[in-house]
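*Asks:* I'm passing along entry05.tsv; it holds TSV, C-alpha atoms.
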```tsv
chain	number	residue	atom	x	y	z
A	1	MET	CA	25.39	7.31	24.87
A	2	ALA	CA	23.32	10.14	23.56
A	3	SER	CA	21.91	8.16	20.67
A	4	SER	CA	20.83	5.23	22.78
A	5	ALA	CA	19.32	7.40	25.49
A	6	SER	CA	17.60	9.72	23.08
A	7	SER	CA	15.67	6.99	21.32
A	8	VAL	CA	13.48	6.37	24.37
A	9	THR	CA	10.92	8.88	25.53
A	10	VAL	CA	9.61	8.51	29.05
A	11	VAL	CA	6.49	10.18	30.38
A	12	GLY	CA	7.05	9.88	34.12
A	13	ARG	CA	4.61	9.03	36.88
A	14	THR	CA	3.63	12.60	37.74
A	15	THR	CA	3.81	13.91	34.19
A	16	ARG	CA	0.73	14.92	32.27
A	17	VAL	CA	0.84	15.58	28.55
A	18	ARG	CA	-2.11	17.15	26.81
A	19	GLY	CA	-1.70	17.27	23.07
A	20	ARG	CA	-0.10	15.36	20.28
A	21	LEU	CA	2.90	13.12	20.82
A	22	SER	CA	4.47	12.05	17.55
A	23	GLY	CA	7.72	11.13	15.88
A	24	ASP	CA	10.27	8.34	15.85
A	25	GLY	CA	11.50	6.38	18.81
A	26	ASP	CA	10.12	4.31	21.63
A	27	LEU	CA	7.67	5.65	24.18
A	28	GLN	CA	7.28	4.58	27.77
A	29	ILE	CA	4.24	6.06	29.44
A	30	GLU	CA	3.97	5.93	33.22
A	31	GLY	CA	1.93	9.12	33.57
A	32	LEU	CA	-1.01	10.66	31.76
A	33	VAL	CA	-1.32	11.40	28.07
A	34	ILE	CA	-4.47	12.98	26.64
A	35	GLY	CA	-4.52	13.64	22.91
A	36	GLU	CA	-2.88	11.54	20.27
A	37	ILE	CA	0.16	9.26	20.08
A	38	VAL	CA	1.78	8.43	16.78
A	39	THR	CA	5.27	6.95	16.58
A	40	SER	CA	7.21	4.61	14.36
A	41	GLY	CA	8.71	2.97	17.45
A	42	ASN	CA	7.31	0.84	20.23
A	43	VAL	CA	4.91	2.15	22.84
A	44	THR	CA	4.68	0.76	26.37
A	45	ILE	CA	1.91	1.95	28.64
A	46	GLU	CA	3.09	1.00	32.10
A	47	VAL	CA	1.07	-0.04	35.14
A	48	HIS	CA	0.34	3.50	36.29
A	49	GLY	CA	0.05	4.92	32.81
A	50	ILE	CA	-3.25	6.44	31.71
A	51	VAL	CA	-3.82	7.23	28.07
A	52	GLY	CA	-6.84	8.98	26.63
A	53	ALA	CA	-5.76	8.89	23.04
A	54	ASN	CA	-5.60	6.85	19.91
A	55	VAL	CA	-2.22	5.15	19.90
A	56	ARG	CA	-0.33	4.16	16.79
A	57	GLY	CA	3.05	2.48	16.89
A	58	ARG	CA	5.01	-0.57	15.88
A	59	ARG	CA	4.53	-2.73	18.92
A	60	LEU	CA	2.16	-1.62	21.66
A	61	VAL	CA	2.36	-3.14	25.13
A	62	VAL	CA	-0.32	-2.14	27.62
A	63	ARG	CA	-0.17	-2.71	31.37
A	64	GLY	CA	-2.14	0.40	32.30
A	65	ALA	CA	-5.34	2.10	31.18
A	66	VAL	CA	-6.23	3.22	27.68
A	67	GLN	CA	-9.31	4.88	26.33
A	68	GLY	CA	-8.85	5.02	22.60
A	69	ASP	CA	-7.99	2.86	19.66
A	70	LEU	CA	-4.75	0.87	19.57
A	71	LEU	CA	-3.19	0.38	16.16
A	72	GLY	CA	-0.01	-1.68	16.03
A	73	GLU	CA	2.02	-2.03	12.85
A	74	GLU	CA	3.49	-5.21	14.29
A	75	ALA	CA	1.62	-6.26	17.41
A	76	VAL	CA	-0.56	-5.18	20.30
A	77	VAL	CA	-0.09	-6.94	23.64
A	78	LEU	CA	-2.53	-6.38	26.50
A	79	GLU	CA	-0.84	-7.68	29.61
A	80	ASP	CA	-2.17	-8.47	33.06
A	81	GLY	CA	-3.69	-5.34	34.56
A	82	ALA	CA	-4.38	-3.66	31.24
A	83	ARG	CA	-7.69	-1.83	30.92
A	84	VAL	CA	-8.62	-0.85	27.40
A	85	VAL	CA	-11.77	0.73	26.06
A	86	GLY	CA	-11.41	1.03	22.31
A	87	ASP	CA	-10.66	-0.95	19.22
A	88	VAL	CA	-7.47	-2.95	18.81
A	89	ARG	CA	-5.95	-3.69	15.43
A	90	ALA	CA	-2.61	-5.25	14.59
A	91	PRO	CA	-1.20	-8.19	12.64
A	92	ARG	CA	-0.83	-9.92	15.99
A	93	VAL	CA	-2.94	-9.20	19.04
A	94	ALA	CA	-2.39	-10.82	22.42
A	95	ILE	CA	-4.70	-10.41	25.40
A	96	ALA	CA	-3.23	-11.90	28.53
A	97	HIS	CA	-5.10	-13.35	31.46
A	98	GLY	CA	-6.09	-10.47	33.73
A	99	ALA	CA	-6.34	-7.88	30.98
A	100	LEU	CA	-9.68	-6.15	30.55
A	101	MET	CA	-10.90	-4.65	27.33
A	102	ARG	CA	-14.07	-3.53	25.61
A	103	GLY	CA	-14.00	-2.94	21.90
A	104	ALA	CA	-13.43	-4.55	18.55
A	105	VAL	CA	-10.34	-6.61	17.81
A	106	GLN	CA	-8.94	-7.27	14.38
A	107	THR	CA	-5.83	-9.34	13.77
A	108	GLY	CA	-4.05	-10.23	10.56
A	109	ASP	CA	-2.02	-8.40	7.97
A	110	ASP	CA	-4.91	-6.20	6.89
A	111	GLY	CA	-5.30	-5.11	10.51
A	112	ALA	CA	-2.68	-2.40	10.44
A	113	ALA	CA	-3.07	-1.61	6.76
A	114	GLN	CA	-6.54	-0.12	6.90
A	115	PRO	CA	-6.78	3.30	8.50
A	116	PRO	CA	-10.61	3.35	8.94
A	117	LEU	CA	-11.84	1.81	12.12
A	118	VAL	CA	-13.46	-1.58	12.48
A	119	ARG	CA	-16.28	-0.08	14.48
A	120	ALA	CA	-17.92	1.38	11.38
A	121	GLN	CA	-17.82	-1.96	9.59
A	122	ALA	CA	-19.24	-3.82	12.59
A	123	SER	CA	-22.17	-1.48	12.96
A	124	ALA	CA	-22.90	-1.73	9.26
A	125	LYS	CA	-22.98	-5.52	9.48
A	126	SER	CA	-25.15	-5.69	12.57
A	127	ALA	CA	-27.84	-3.42	11.14
A	128	PRO	CA	-29.17	-5.02	7.95
A	129	VAL	CA	-31.18	-1.93	7.09
A	130	PRO	CA	-29.99	-1.74	3.44
A	131	ALA	CA	-32.76	-4.24	2.61
A	132	ARG	CA	-34.96	-1.17	2.33
A	133	VAL	CA	-33.28	-0.28	-0.90
A	134	VAL	CA	-35.33	-2.86	-2.80
A	135	ALA	CA	-38.54	-1.94	-0.94
A	136	PRO	CA	-41.38	-3.50	-2.92
A	137	PRO	CA	-44.29	-1.11	-2.43
A	138	ALA	CA	-47.07	-3.76	-2.41
A	139	LYS	CA	-46.08	-5.52	0.83
A	140	PRO	CA	-45.95	-3.85	4.28
A	141	VAL	CA	-42.20	-4.44	4.53
A	142	PRO	CA	-41.18	-1.27	6.42
A	143	ALA	CA	-42.63	-2.39	9.76
A	144	GLY	CA	-41.09	-5.85	9.49
A	145	ALA	CA	-37.74	-4.61	8.18
A	146	VAL	CA	-37.25	-1.92	10.78
A	147	LYS	CA	-38.05	-3.96	13.88
A	148	PRO	CA	-35.48	-6.80	13.55
A	149	ALA	CA	-32.59	-4.35	13.33
A	150	PRO	CA	-32.24	-3.59	17.06
A	151	VAL	CA	-32.66	-7.27	17.96
A	152	ALA	CA	-29.89	-8.33	15.60
A	153	LYS	CA	-27.69	-5.53	16.90
A	154	ALA	CA	-28.17	-6.60	20.50
A	155	VAL	CA	-27.49	-10.25	19.74
A	156	SER	CA	-24.34	-9.52	17.81
A	157	SER	CA	-22.98	-7.17	20.46
A	158	VAL	CA	-23.51	-9.77	23.16
A	159	ALA	CA	-21.94	-12.48	21.07
A	160	SER	CA	-18.87	-10.45	20.13
A	161	GLY	CA	-18.34	-8.79	23.52
A	162	ALA	CA	-17.26	-10.47	26.74
A	163	PRO	CA	-20.06	-12.82	27.80
A	164	ARG	CA	-19.32	-12.34	31.49
A	165	ARG	CA	-19.82	-8.60	31.42
A	166	PRO	CA	-23.12	-7.04	30.44
A	167	PRO	CA	-22.97	-3.99	28.21
A	168	PRO	CA	-22.49	-0.72	30.06
A	169	PRO	CA	-25.59	1.00	31.43
A	170	VAL	CA	-26.93	3.57	29.04
A	171	VAL	CA	-26.80	6.65	31.24
A	172	PRO	CA	-28.19	9.16	28.72
A	173	VAL	CA	-31.57	7.43	28.83
A	174	LEU	CA	-31.96	8.39	32.49
A	175	LYS	CA	-31.19	11.99	31.68
A	176	ARG	CA	-33.67	11.99	28.86
A	177	THR	CA	-36.47	10.56	30.99
A	178	LYS	CA	-35.73	13.07	33.73
A	179	GLY	CA	-35.85	15.83	31.21
A	180	GLN	CA	-39.04	14.55	29.71
A	181	VAL	CA	-40.70	14.21	33.09
A	182	LEU	CA	-39.69	17.71	34.05
A	183	LYS	CA	-40.93	19.09	30.80
A	184	LYS	CA	-44.25	17.32	31.23
A	185	LYS	CA	-44.63	18.66	34.75
A	186	GLU	CA	-43.81	22.13	33.62
A	187	ARG	CA	-46.30	21.93	30.86
B	1	MET	CA	18.08	10.98	37.04
B	2	ALA	CA	15.32	12.35	35.01
B	3	SER	CA	11.91	10.82	35.23
B	4	THR	CA	10.49	12.32	32.07
B	5	VAL	CA	12.48	12.31	28.84
B	6	ILE	CA	11.36	13.60	25.49
B	7	GLY	CA	13.46	11.60	23.04
B	8	ALA	CA	15.32	13.02	20.07
B	9	GLY	CA	12.85	11.89	17.42
B	10	ILE	CA	9.73	12.85	19.33
B	11	ILE	CA	7.56	15.90	18.80
B	12	ILE	CA	5.09	16.98	21.46
B	13	GLU	CA	2.54	19.59	20.51
B	14	GLY	CA	0.64	20.53	23.62
B	15	GLU	CA	1.16	20.96	27.30
B	16	ILE	CA	3.46	19.07	29.63
B	17	THR	CA	2.87	19.30	33.35
B	18	THR	CA	4.99	17.40	35.84
B	19	ASP	CA	6.35	17.26	39.38
B	20	GLU	CA	9.55	15.65	38.14
B	21	ASP	CA	12.60	16.62	36.16
B	22	VAL	CA	12.13	16.95	32.44
B	23	VAL	CA	14.85	16.37	29.86
B	24	VAL	CA	14.10	17.40	26.30
B	25	LEU	CA	16.13	16.00	23.44
B	26	GLY	CA	13.38	16.28	20.86
B	27	THR	CA	10.83	18.95	20.03
B	28	VAL	CA	8.20	20.50	22.26
B	29	ARG	CA	5.68	23.09	21.14
B	30	GLY	CA	3.20	24.47	23.61
B	31	LYS	CA	3.92	24.77	27.29
B	32	VAL	CA	6.14	23.08	29.85
B	33	SER	CA	5.41	23.27	33.57
B	34	ALA	CA	7.67	21.39	35.97
B	35	LYS	CA	8.16	21.58	39.71
B	36	GLU	CA	11.74	20.40	39.34
B	37	GLY	CA	14.38	21.07	36.75
B	38	VAL	CA	13.97	21.34	33.03
B	39	THR	CA	16.90	20.53	30.74
B	40	ILE	CA	16.89	21.34	27.05
B	41	GLN	CA	19.70	19.34	25.57
B	42	GLN	CA	21.83	20.13	22.58
B	43	GLY	CA	19.86	19.44	19.42
B	44	ALA	CA	16.51	19.87	21.14
B	45	THR	CA	13.98	22.47	20.05
B	46	VAL	CA	11.49	23.99	22.45
B	47	GLU	CA	8.95	26.52	21.28
B	48	ALA	CA	7.10	26.96	24.52
B	49	ASP	CA	6.82	28.92	27.69
B	50	VAL	CA	8.75	27.09	30.37
B	51	VAL	CA	8.06	27.17	34.08
B	52	GLY	CA	10.18	25.22	36.55
B	53	ALA	CA	12.53	25.31	39.52
B	54	GLY	CA	15.61	25.37	37.34
B	55	LEU	CA	16.28	25.47	33.65
B	56	THR	CA	19.38	24.42	31.76
B	57	VAL	CA	19.53	25.14	28.06
B	58	ALA	CA	22.02	23.77	25.58
B	59	GLY	CA	19.62	23.59	22.65
B	60	THR	CA	17.16	25.99	21.05
B	61	LEU	CA	14.45	27.67	23.08
B	62	THR	CA	11.87	30.14	21.89
B	63	GLY	CA	9.56	31.29	24.64
B	64	ASN	CA	9.43	32.93	28.00
B	65	VAL	CA	11.06	31.30	30.99
B	66	THR	CA	10.10	31.55	34.64
B	67	ALA	CA	12.28	29.65	37.10
B	68	THR	CA	12.00	29.79	40.88
B	69	ASP	CA	15.66	28.94	41.32
B	70	ARG	CA	17.99	29.47	38.37
B	71	VAL	CA	18.46	29.51	34.63
B	72	ASP	CA	21.69	28.45	32.95
B	73	LEU	CA	22.26	29.08	29.28
B	74	GLN	CA	25.15	26.91	28.19
B	75	ALA	CA	27.49	27.34	25.26
B	76	GLY	CA	25.67	26.48	22.06
B	77	ALA	CA	22.28	27.48	23.42
B	78	ARG	CA	20.00	29.66	21.31
B	79	VAL	CA	17.36	31.41	23.35
B	80	VAL	CA	14.79	33.96	22.26
B	81	GLY	CA	12.47	35.13	25.00
B	82	ASN	CA	12.33	36.70	28.40
B	83	VAL	CA	13.96	35.03	31.36
B	84	LYS	CA	12.76	35.54	34.92
B	85	ALA	CA	14.65	33.71	37.64
B	86	GLY	CA	16.47	34.10	40.92
B	87	ARG	CA	19.82	33.60	39.23
B	88	VAL	CA	20.72	33.59	35.57
B	89	THR	CA	23.99	32.56	33.97
B	90	ILE	CA	24.84	32.90	30.31
B	91	ALA	CA	27.88	30.98	29.19
B	92	ASP	CA	30.32	32.31	26.64
B	93	GLY	CA	29.06	31.04	23.29
B	94	ALA	CA	25.37	31.11	24.14
B	95	GLN	CA	23.08	33.15	21.92
B	96	PHE	CA	20.38	35.07	23.70
B	97	LYS	CA	17.84	37.68	22.79
B	98	GLY	CA	15.39	38.87	25.39
B	99	ASN	CA	15.02	40.41	28.79
B	100	VAL	CA	16.54	39.15	31.99
B	101	ASP	CA	14.66	39.65	35.23
B	102	MET	CA	16.59	38.58	38.34
B	103	ASP	CA	15.83	39.09	41.99
B	104	VAL	CA	18.03	42.16	42.51
```
Please express the file's structure as structure tokens.
*Replies:*
Amino acid sequence: MASSASSVTVVGRTTRVRGRLSGDGDLQIEGLVIGEIVTSGNVTIEVHGIVGANVRGRRLVVRGAVQGDLLGEEAVVLEDGARVVGDVRAPRVAIAHGALMRGAVQTGDDGAAQPPLVRAQASAKSAPVPARVVAPPAKPVPAGAVKPAPVAKAVSSVASGAPRRPPPPVVPVLKRTKGQVLKKKER
Amino acid sequence: MASTVIGAGIIIEGEITTDEDVVVLGTVRGKVSAKEGVTIQQGATVEADVVGAGLTVAGTLTGNVTATDRVDLQAGARVVGNVKAGRVTIADGAQFKGNVDMDV
């Protein structure tokens, strides 16, 4: 009895964990976890579960909310009602009808094998700045080479992201303009 | 029936806050705050200050305990720390080092 019961860890509805949750055994999260989750077992984030953490486990099933990267050694399943902001990597990834996510997805055997995140690779691909390295000095390349970068970035992000949803509003810009205006007025 | 269970193989380093019962079979380092009962099972290790309505210890606990109701140290328990509770029982076979503060 003890062995079967002890293999499952439950974070209940009203429970909040801030810190690192690691070890062996299955996790069932119905409450809040902020920090990091690393287990060799399966992780289920239930309907009312909220996770602000990178999650690593064998098989990850999400029905709740996650902000962080999901790394499944075996599979990641986003079920109806799941809300995920972060990258998802696993040999097998399933996103069910009704699941919402924003982030990069990588499936296949190399998905779980590589610790570094896909996000870094994606940004490197979308910005073809390395052309500068050649930089022939005779032609005015810098102006032409620098400008296309943001266009390509925007196109690729739209193409890879969900077409129905526009990218999130960039809030910091508003703050900057406010700050700039204030500074100008003060001066 | 416990709503929150820390399984035998699991280590939590941080803070646990809950309105429910907590059963620890694994390892917790940091702090545990519960409005209901906290149970530290045999084989479990808790290095944390524990606050709750009631506390039952059969495993290893290092840290200070504050319980609004009662604290029971069962046989096999190893506790190092101060215990403050309305009622405290220490079973024969429990190891304990620390102060006891009961409502006298």
*Asks:* Sorted by chain and rising residue number, which residues of segment 50-74 of chain B lie within 7 Å of segment 82-100 of chain B, and what are their closest atom pairs and distances in Å to one decimal, counting only C-alpha atoms, as CSV?
*Replies:*
```
residue,atom,partner,partner_atom,distance
B:Asn64,CA,B:Asn82,CA,4.8
B:Val65,CA,B:Val83,CA,4.7
B:Thr66,CA,B:Lys84,CA,4.8
B:Ala67,CA,B:Ala85,CA,4.7
B:Thr68,CA,B:Ala85,CA,5.7
B:Asp69,CA,B:Gly86,CA,5.2
B:Arg70,CA,B:Arg87,CA,4.6
B:Val71,CA,B:Val88,CA,4.8
B:Asp72,CA,B:Thr89,CA,4.8
B:Leu73,CA,B:Ile90,CA,4.7
B:Gln74,CA,B:Ala91,CA,5.0
```
*Asks:* Determine which residues of chain B sit within 12 Å of chain A, taking into account all atoms listed in the file, and present them as a PDB file with C-alpha atoms, in the coordinates of the input.
*Replies:*
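Output (selection-v1.pdb):
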```pdb
ATOM      1  CA  MET B   1      18.080  10.980  37.040  1.00  0.00           C
ATOM      2  CA  ALA B   2      15.320  12.350  35.010  1.00  0.00           C
ATOM      3  CA  SER B   3      11.910  10.820  35.230  1.00  0.00           C
ATOM      4  CA  THR B   4      10.490  12.320  32.070  1.00  0.00           C
ATOM      5  CA  VAL B   5      12.480  12.310  28.840  1.00  0.00           C
ATOM      6  CA  ILE B   6      11.360  13.600  25.490  1.00  0.00           C
ATOM      7  CA  GLY B   7      13.460  11.600  23.040  1.00  0.00           C
ATOM      8  CA  ALA B   8      15.320  13.020  20.070  1.00  0.00           C
ATOM      9  CA  GLY B   9      12.850  11.890  17.420  1.00  0.00           C
ATOM     10  CA  ILE B  10       9.730  12.850  19.330  1.00  0.00           C
ATOM     11  CA  ILE B  11       7.560  15.900  18.800  1.00  0.00           C
ATOM     12  CA  ILE B  12       5.090  16.980  21.460  1.00  0.00           C
ATOM     13  CA  GLU B  13       2.540  19.590  20.510  1.00  0.00           C
ATOM     14  CA  GLY B  14       0.640  20.530  23.620  1.00  0.00           C
ATOM     15  CA  GLU B  15       1.160  20.960  27.300  1.00  0.00           C
ATOM     16  CA  ILE B  16       3.460  19.070  29.630  1.00  0.00           C
ATOM     17  CA  THR B  17       2.870  19.300  33.350  1.00  0.00           C
ATOM     18  CA  THR B  18       4.990  17.400  35.840  1.00  0.00           C
ATOM     19  CA  ASP B  19       6.350  17.260  39.380  1.00  0.00           C
ATOM     20  CA  GLU B  20       9.550  15.650  38.140  1.00  0.00           C
ATOM     21  CA  ASP B  21      12.600  16.620  36.160  1.00  0.00           C
ATOM     22  CA  VAL B  22      12.130  16.950  32.440  1.00  0.00           C
ATOM     23  CA  VAL B  23      14.850  16.370  29.860  1.00  0.00           C
ATOM     24  CA  VAL B  24      14.100  17.400  26.300  1.00  0.00           C
ATOM     25  CA  LEU B  25      16.130  16.000  23.440  1.00  0.00           C
ATOM     26  CA  GLY B  26      13.380  16.280  20.860  1.00  0.00           C
ATOM     27  CA  THR B  27      10.830  18.950  20.030  1.00  0.00           C
ATOM     28  CA  VAL B  28       8.200  20.500  22.260  1.00  0.00           C
ATOM     29  CA  ARG B  29       5.680  23.090  21.140  1.00  0.00           C
ATOM     30  CA  GLY B  30       3.200  24.470  23.610  1.00  0.00           C
ATOM     31  CA  LYS B  31       3.920  24.770  27.290  1.00  0.00           C
ATOM     32  CA  VAL B  32       6.140  23.080  29.850  1.00  0.00           C
ATOM     33  CA  SER B  33       5.410  23.270  33.570  1.00  0.00           C
ATOM     34  CA  ALA B  34       7.670  21.390  35.970  1.00  0.00           C
ATOM     35  CA  LYS B  35       8.160  21.580  39.710  1.00  0.00           C
ATOM     36  CA  GLU B  36      11.740  20.400  39.340  1.00  0.00           C
ATOM     37  CA  GLN B  41      19.700  19.340  25.570  1.00  0.00           C
ATOM     38  CA  GLN B  42      21.830  20.130  22.580  1.00  0.00           C
ATOM     39  CA  GLY B  43      19.860  19.440  19.420  1.00  0.00           C
ATOM     40  CA  ALA B  44      16.510  19.870  21.140  1.00  0.00           C
TER      41      ALA B  44
END
```
*Asks:* Enter the distance from atom CA of Ala82 of chain A to atom CA of Ala65 of chain A, in Å, rounded to one decimal.
*Replies:*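 Separation between atom CA of Ala82 of chain A and atom CA of Ala65 of chain A: 5.8 Å.
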*Asks:* Please provide the set of residues having any atom within 8 Å of Val84 of chain A, restricted to all atoms listed in the file, with same-chain residues fewer than 3 positions apart removed, written as a list in words.
*Replies:* Ala65, Val66, Gln67, Gly68, Leu100, Met101, Arg102 and Gly103 of chain A
